Amino acid sequence: MKALFNQYKPFLLFLGKFFLAYLLLTILYQTYLENLVAKVDLFTENVSCLTRFVARIFGMDYNISIDNANEQIKVLYNGNYQMRIIEGCNAISVIILFISFVLAFSSKFQSTLFYCIGGGALIYILNIFRIVFLAVLLYKYPEQEHLLHGVLFPSIIYGIVFLLWLIWIKKYSNYAAK
């Protein structure tokens with residue numbers, strides 16, 4: 001049994017670190033959300049305001065309306081209600097997943113910290129552009145909502161997260177040197 005454990009020790013350590021980090025970060029985030037009462041959380045509000053800012057830079061008629069009672073933010077594109085932004089749209093759960101993986105393959109503290117911050121920021125920024133493009137595409141192709149929101153954009157975001165993980169493993173993690 002000990003030989004079997006030693007053989008799979010790196011994998012088991014990875015799983016243990018990953019699930020521990022994921023569990024702790026998720027509990028922290030859920031605790032934050034539970035302390036809000038019928039209110040849009042600050043991350044979702046921030047993402048919504050930044051999407052409006054980016055859309056207006058591109059000259060778009062893009063407005064938001066905070067609906068605290070329903071814990072959502074309504075997006076108006078070209079004067080039409082286009083979609084809503086809810087807590088799940090703020091990319092925090094994707095960032096938690098990203099950070100958990102990086103921590104599971106951790107390296108030096110400083111490298112790990114900077115990669116988590118940089119990668120998390122990149123995911124956050126890409127999510128803002130995702131929401132802007134989604135509003136435009138849903139305006140033009142409303143019948144393609146499932147394809148756009150359920151398939152295309154998640155594939156892009158998770159694909160980028162996967163690429164960031166590969167870069168981390170190949171260039172920065174302790175496993176890169178081995």
# chains A, B, ... in the order shown; residues from 1 in each chain; ligands from 1
$ residues_around --residues "Tyr29 of chain A" --least-positions-apart "5" --cutoff "10 Å" --atoms "only C-alpha atoms" --output "PyMOL selection string"
chain A and resi 23-24+34+92-93+96
$ residues_around --residues "Ala121 of chain A" --least-positions-apart "2" --cutoff "12 Å" --atoms "only C-alpha atoms" --output "VMD selection string"
chain A and resid 47 90 to 92 94 to 96 98 to 99 114 to 119 123 to 128 161
$ closest_residue --among "A:Phe129, A:Gln7, A:Ile169, A:Ile86" --to "Arg52 of chain A" --atoms "only C-alpha atoms"
A:Phe129
$ closest_residue --among "A:Lys9, A:Glu87, A:His146, A:Leu138" --to "Gln30 of chain A" --atoms "only C-alpha atoms"
A:Glu87
$ select_by_dssp --residues "segment 2-98 of chain A" --states "strand (DSSP E)" --output "list in words"
Tyr62, Asn63, Ile64, Ser65, Ile66, Asp67, Gln72, Ile73, Lys74, Val75, Leu76, Tyr77, Asn80, Tyr81, Gln82, Met83, Arg84 and Ile85 of chain A
$ residues_around --residues "Leu137 of chain A" --least-positions-apart "5" --cutoff "10 Å" --atoms "only C-alpha atoms" --output "list in words"
Gln82, Ile131, Val132, Pro142, Gln144, Glu145, Leu148 and His149 of chain A
$ write_last_selection --atoms "C-alpha atoms" --output "PDB file, in the first residue's frame"
ATOM      1  CA  GLN A  82     -31.259  42.661 -24.042  1.00  0.00           C
ATOM      2  CA  ILE A 131     -20.624  40.413 -21.808  1.00  0.00           C
ATOM      3  CA  VAL A 132     -20.343  43.371 -24.207  1.00  0.00           C
ATOM      4  CA  PRO A 142     -31.609  36.458 -30.525  1.00  0.00           C
ATOM      5  CA  GLN A 144     -28.865  31.892 -31.149  1.00  0.00           C
ATOM      6  CA  GLU A 145     -28.941  32.597 -27.396  1.00  0.00           C
ATOM      7  CA  LEU A 148     -23.802  32.080 -27.840  1.00  0.00           C
ATOM      8  CA  HIS A 149     -24.372  32.079 -24.069  1.00  0.00           C
TER       9      HIS A 149
END
$ atom_distance --atom1 "atom CA of Leu103 of chain A" --atom2 "atom CA of Leu152 of chain A"
27.7 Å
$ select_by_dssp --residues "segment 5-161 of chain A" --states "helix (DSSP H, G or I)" --output "ChimeraX atom specification"
/A:5-7,9-34,42-57,68-70,87-89,92-104,109-140,142-161
$ closest_residue --among "A:Thr112, A:Ser173, A:Thr31, A:Asn78" --to "Ala55 of chain A" --atoms "only C-alpha atoms"
A:Asn78
$ atom_distance --atom1 "atom CA of Leu12 of chain A" --atom2 "atom CA of Leu25 of chain A"
19.8 Å
$ atom_distance --atom1 "atom CA of Ala69 of chain A" --atom2 "atom CA of Gly88 of chain A"
16.6 Å
$ closest_residue --among "A:Asn80, A:Asn35, A:Thr26, A:Asn6" --to "Ile64 of chain A" --atoms "only C-alpha atoms"
A:Asn80
